[in-house]
Amino acid sequence: MQYLTELEATINDMVHPGRGILAADESSPTIAKRFKVINTESTEKTRRAWRSLLVTTPGLGEYISGIILFEETLCQKADDSIMVPQAAWAQKIVSGIKVDKGKIPLALSPGDLITEGLDGLAERLRDYKQQGARFAKWREVYSIEQHVPSQHAIEANAEVLARYAAVCQQEGLVPIVEPEVLMDGEHDIDRHAAATEAVQQAVFSALHRHHVILELMILKPNMILPGKSCRQAEPDEVATATLKTLRHTVPVAVPSINFLSGGQEPEEATANLNAINQQSTDEPWQLSISFGRALQQTALQVWLGKPENVTDAQKALLKRAYLNHKAMQGQYQTSME
Ligand code: 13P
């Protein structure tokens, strides 16, 4: 079947030891928030400048094998006037696209959320594919409160995520399946672990029901952390809890687990990834990244929206990517910062 060959080729181009995925798919309100911190207005021009800077960073392909783009960027030119997906592929970085339309409250379930965007998805995927996207990303979001996420919400979200993944595979795009249990709140690490385990179990059960081929997808989960308003946890504690949850839930057929950073500081996310890889003992999946903030933040603070800072910002991005590359091998040390 044609689409299987295509999906296999994409997985082969994306899953490499020591390489991860750069998430640069912030929605318009989110990128405006990130730019506000550096006093830069979010316009079509500034967004293009920033994302072009990312994708044309010399040497980035050594540590990054995929980039998740927002719809707008997929049809933009990078600075050297080739289209962004071609500029990425010049360094063997595969382009993908965020295809969900964001979260809304789940009706009649106070505190629970659900993600929209399934209507017309197959047609949109065909267009994105023509423009150079080879994989897609969809994020379901779960907050932690006293009675949230409810079992009902966990099941509803899993169903949506699995339907998205099935449509992607049918259309020849590798699905990144992202169930994010947020770290906001006062919960402890055990509560985060329990919620994440319930969420991931429901997700894999739904993927099975929808005939999704596990070998041809990527899981993008949260690490297991205490809530932001709770205490900090040491990397070893995060790693133990994260690996335990993944071992309970993720089938061996899944080739790669690429963590989101979810609001962790860049150094914190890298140290946690490093501990996860150090503690991993013959895990069947690659344990890699699909960081947004934790890869971009330092570079953004160097760039400040100014063309004269592009080269230094690219160096900052490359360094962050390199440190995460070391962490994927369990060889990162804080002294490398
Ligand atoms: P963060 O790493 O900033 O959480 O972003 C990853 C992402 O793509 C969220 O959907």
# chains A, B, ... in the order shown; residues from 1 in each chain; ligands from 1

$ residues_around --residues "Asn309 of chain A" --least-positions-apart "4" --cutoff "12 Å" --atoms "only C-alpha atoms" --output "list in words"
Ala49, Trp50, Leu53, Ala299, Leu300, Gln301, Val302, Trp303, Leu304, Gly305, Ala313, Gln314, Lys315 and Ala316 of chain A

$ residues_near_ligand --ligand "ligand 1" --cutoff "7 Å" --atoms "only C-alpha atoms and all ligand atoms" --output "MDAnalysis selection string"
chainID A and resid 23 25 139 260:263 290:294

$ closest_atom_pairs --of "segment 86-128 of chain A" --to "segment 150-164 of chain A" --cutoff "9 Å" --atoms "only C-alpha atoms" --output "JSON lines"
{"residue": "A:Asp100", "atom": "CA", "partner": "A:Tyr164", "partner_atom": "CA", "distance": 8.7}
{"residue": "A:Leu106", "atom": "CA", "partner": "A:Ala153", "partner_atom": "CA", "distance": 7.4}
{"residue": "A:Ser109", "atom": "CA", "partner": "A:Ala153", "partner_atom": "CA", "distance": 7.6}
{"residue": "A:Gly111", "atom": "CA", "partner": "A:Ser150", "partner_atom": "CA", "distance": 8.8}
{"residue": "A:Asp112", "atom": "CA", "partner": "A:Ala153", "partner_atom": "CA", "distance": 6.2}
{"residue": "A:Leu113", "atom": "CA", "partner": "A:Ala153", "partner_atom": "CA", "distance": 7.3}
{"residue": "A:Ile114", "atom": "CA", "partner": "A:Asn157", "partner_atom": "CA", "distance": 6.0}
{"residue": "A:Thr115", "atom": "CA", "partner": "A:Asn157", "partner_atom": "CA", "distance": 7.4}
{"residue": "A:Glu116", "atom": "CA", "partner": "A:Val160", "partner_atom": "CA", "distance": 8.5}
{"residue": "A:Gly117", "atom": "CA", "partner": "A:Tyr164", "partner_atom": "CA", "distance": 8.8}
{"residue": "A:Leu118", "atom": "CA", "partner": "A:Tyr164", "partner_atom": "CA", "distance": 6.7}
{"residue": "A:Leu121", "atom": "CA", "partner": "A:Tyr164", "partner_atom": "CA", "distance": 7.9}

$ closest_atom_pairs --of "segment 150-227 of chain A" --to "segment 57-75 of chain A" --cutoff "12 Å" --atoms "only C-alpha atoms" --output "JSON lines"
{"residue": "A:Val174", "atom": "CA", "partner": "A:Gly66", "partner_atom": "CA", "distance": 11.5}
{"residue": "A:Pro175", "atom": "CA", "partner": "A:Ile68", "partner_atom": "CA", "distance": 11.4}
{"residue": "A:Ile176", "atom": "CA", "partner": "A:Ile68", "partner_atom": "CA", "distance": 9.8}
{"residue": "A:Ile218", "atom": "CA", "partner": "A:Gly66", "partner_atom": "CA", "distance": 11.6}

$ closest_residue --among "A:Ile11, A:Leu22, A:Val84, A:Val141" --to "Gly102 of chain A" --atoms "only C-alpha atoms"
A:Val141

$ closest_residue --among "A:Leu214, A:Ala166, A:Met14, A:Ile97" --to "Ser288 of chain A" --atoms "only C-alpha atoms"
A:Met14

$ residues_around --residues "Ala9 of chain A" --least-positions-apart "5" --cutoff "12 Å" --atoms "only C-alpha atoms" --output "list in words"
Gln2, Tyr3, Leu4, Met14, Val15, Val94, Arg134, Phe135, Gly172, Leu173, Val174, Glu215 and Leu216 of chain A

$ write_last_selection --atoms "N, CA, C and O atoms" --output "PDB file, in the first residue's frame"
ATOM      1  N   GLN A   2       0.571   2.182  -0.892  1.00  0.00           N
ATOM      2  CA  GLN A   2       1.389   3.375  -1.077  1.00  0.00           C
ATOM      3  C   GLN A   2       1.606   4.142   0.236  1.00  0.00           C
ATOM      4  O   GLN A   2       2.719   4.516   0.590  1.00  0.00           O
ATOM      5  N   TYR A   3       0.492   4.324   0.995  1.00  0.00           N
ATOM      6  CA  TYR A   3       0.634   5.179   2.173  1.00  0.00           C
ATOM      7  C   TYR A   3       1.532   4.561   3.235  1.00  0.00           C
ATOM      8  O   TYR A   3       2.192   5.256   3.993  1.00  0.00           O
ATOM      9  N   LEU A   4       1.631   3.214   3.243  1.00  0.00           N
ATOM     10  CA  LEU A   4       2.507   2.570   4.226  1.00  0.00           C
ATOM     11  C   LEU A   4       3.967   2.867   3.929  1.00  0.00           C
ATOM     12  O   LEU A   4       4.753   3.188   4.814  1.00  0.00           O
ATOM     13  N   MET A  14      12.626  10.572  10.578  1.00  0.00           N
ATOM     14  CA  MET A  14      12.414  11.331  11.825  1.00  0.00           C
ATOM     15  C   MET A  14      13.025  10.702  13.058  1.00  0.00           C
ATOM     16  O   MET A  14      13.359  11.401  14.011  1.00  0.00           O
ATOM     17  N   VAL A  15      13.114   9.376  13.064  1.00  0.00           N
ATOM     18  CA  VAL A  15      13.560   8.703  14.293  1.00  0.00           C
ATOM     19  C   VAL A  15      15.030   8.304  14.163  1.00  0.00           C
ATOM     20  O   VAL A  15      15.372   7.353  13.465  1.00  0.00           O
ATOM     21  N   VAL A  94      12.626  17.065   8.629  1.00  0.00           N
ATOM     22  CA  VAL A  94      11.305  16.810   8.047  1.00  0.00           C
ATOM     23  C   VAL A  94      10.312  17.850   8.579  1.00  0.00           C
ATOM     24  O   VAL A  94      10.313  18.148   9.779  1.00  0.00           O
ATOM     25  N   ARG A 134       4.968  16.282   6.072  1.00  0.00           N
ATOM     26  CA  ARG A 134       5.011  14.809   6.023  1.00  0.00           C
ATOM     27  C   ARG A 134       4.525  14.180   7.326  1.00  0.00           C
ATOM     28  O   ARG A 134       4.358  12.975   7.420  1.00  0.00           O
ATOM     29  N   PHE A 135       4.358  15.017   8.339  1.00  0.00           N
ATOM     30  CA  PHE A 135       3.754  14.513   9.581  1.00  0.00           C
ATOM     31  C   PHE A 135       2.855  15.602  10.157  1.00  0.00           C
ATOM     32  O   PHE A 135       2.857  16.743   9.684  1.00  0.00           O
ATOM     33  N   GLY A 172      -1.381   9.375   4.692  1.00  0.00           N
ATOM     34  CA  GLY A 172       0.067   9.260   4.473  1.00  0.00           C
ATOM     35  C   GLY A 172       0.912  10.234   5.282  1.00  0.00           C
ATOM     36  O   GLY A 172       2.055  10.496   4.928  1.00  0.00           O
ATOM     37  N   LEU A 173       0.346  10.776   6.375  1.00  0.00           N
ATOM     38  CA  LEU A 173       1.155  11.637   7.264  1.00  0.00           C
ATOM     39  C   LEU A 173       1.333  10.925   8.603  1.00  0.00           C
ATOM     40  O   LEU A 173       0.372  10.379   9.163  1.00  0.00           O
ATOM     41  N   VAL A 174       2.548  10.942   9.124  1.00  0.00           N
ATOM     42  CA  VAL A 174       2.806  10.316  10.431  1.00  0.00           C
ATOM     43  C   VAL A 174       2.154  11.171  11.526  1.00  0.00           C
ATOM     44  O   VAL A 174       2.394  12.374  11.586  1.00  0.00           O
ATOM     45  N   GLU A 215       3.594   1.346  14.981  1.00  0.00           N
ATOM     46  CA  GLU A 215       4.965   1.472  14.477  1.00  0.00           C
ATOM     47  C   GLU A 215       5.145   2.765  13.685  1.00  0.00           C
ATOM     48  O   GLU A 215       6.262   3.207  13.453  1.00  0.00           O
ATOM     49  N   LEU A 216       4.031   3.349  13.243  1.00  0.00           N
ATOM     50  CA  LEU A 216       4.103   4.493  12.327  1.00  0.00           C
ATOM     51  C   LEU A 216       3.509   5.752  12.954  1.00  0.00           C
ATOM     52  O   LEU A 216       2.850   6.558  12.295  1.00  0.00           O
TER      53      LEU A 216
END

$ select_by_dssp --residues "segment 199-261 of chain A" --states "strand (DSSP E or B)" --output "ChimeraX atom specification"
/A:218-219,256-259

$ closest_residue --among "A:Arg191, A:Lys319, A:Lys92, A:Arg47" --to "Glu145 of chain A" --atoms "only C-alpha atoms"
A:Arg191

$ select_by_dssp --residues "segment 86-271 of chain A" --states "helix (DSSP H, G or I)" --output "PyMOL selection string"
chain A and resi 86-89+121-130+151-170+189-209+214-216+235-249+266-271

$ residues_around --residues "Ser335 of chain A" --least-positions-apart "2" --cutoff "12 Å" --atoms "only C-alpha atoms" --output "list of chain:residue names"
A:Glu267, A:Ala271, A:Leu323, A:Gln331, A:Tyr332, A:Gln333, A:Glu337

$ write_last_selection --atoms "N, CA and C atoms" --output "mmCIF file, in the first residue's frame"
data_model
loop_
_atom_site.group_PDB
_atom_site.id
_atom_site.type_symbol
_atom_site.label_atom_id
_atom_site.label_comp_id
_atom_site.auth_asym_id
_atom_site.auth_seq_id
_atom_site.Cartn_x
_atom_site.Cartn_y
_atom_site.Cartn_z
ATOM 1 N N GLU A 267 16.982 24.535 31.047
ATOM 2 C CA GLU A 267 17.998 23.697 31.719
ATOM 3 C C GLU A 267 17.321 22.547 32.470
ATOM 4 N N ALA A 271 17.945 18.611 31.851
ATOM 5 C CA ALA A 271 18.440 17.768 32.956
ATOM 6 C C ALA A 271 17.489 16.590 33.191
ATOM 7 N N LEU A 323 22.817 20.443 23.559
ATOM 8 C CA LEU A 323 22.722 19.983 24.958
ATOM 9 C C LEU A 323 21.634 18.910 25.091
ATOM 10 N N GLN A 331 24.348 11.974 28.472
ATOM 11 C CA GLN A 331 25.719 12.484 28.642
ATOM 12 C C GLN A 331 25.773 13.978 28.911
ATOM 13 N N TYR A 332 24.640 14.537 29.325
ATOM 14 C CA TYR A 332 24.606 15.980 29.598
ATOM 15 C C TYR A 332 25.093 16.255 31.010
ATOM 16 N N GLN A 333 25.826 17.368 31.156
ATOM 17 C CA GLN A 333 26.207 17.821 32.502
ATOM 18 C C GLN A 333 25.924 19.301 32.599
ATOM 19 N N GLU A 337 26.530 23.934 30.296
ATOM 20 C CA GLU A 337 25.720 25.130 30.034
ATOM 21 C C GLU A 337 26.624 26.346 29.821
#
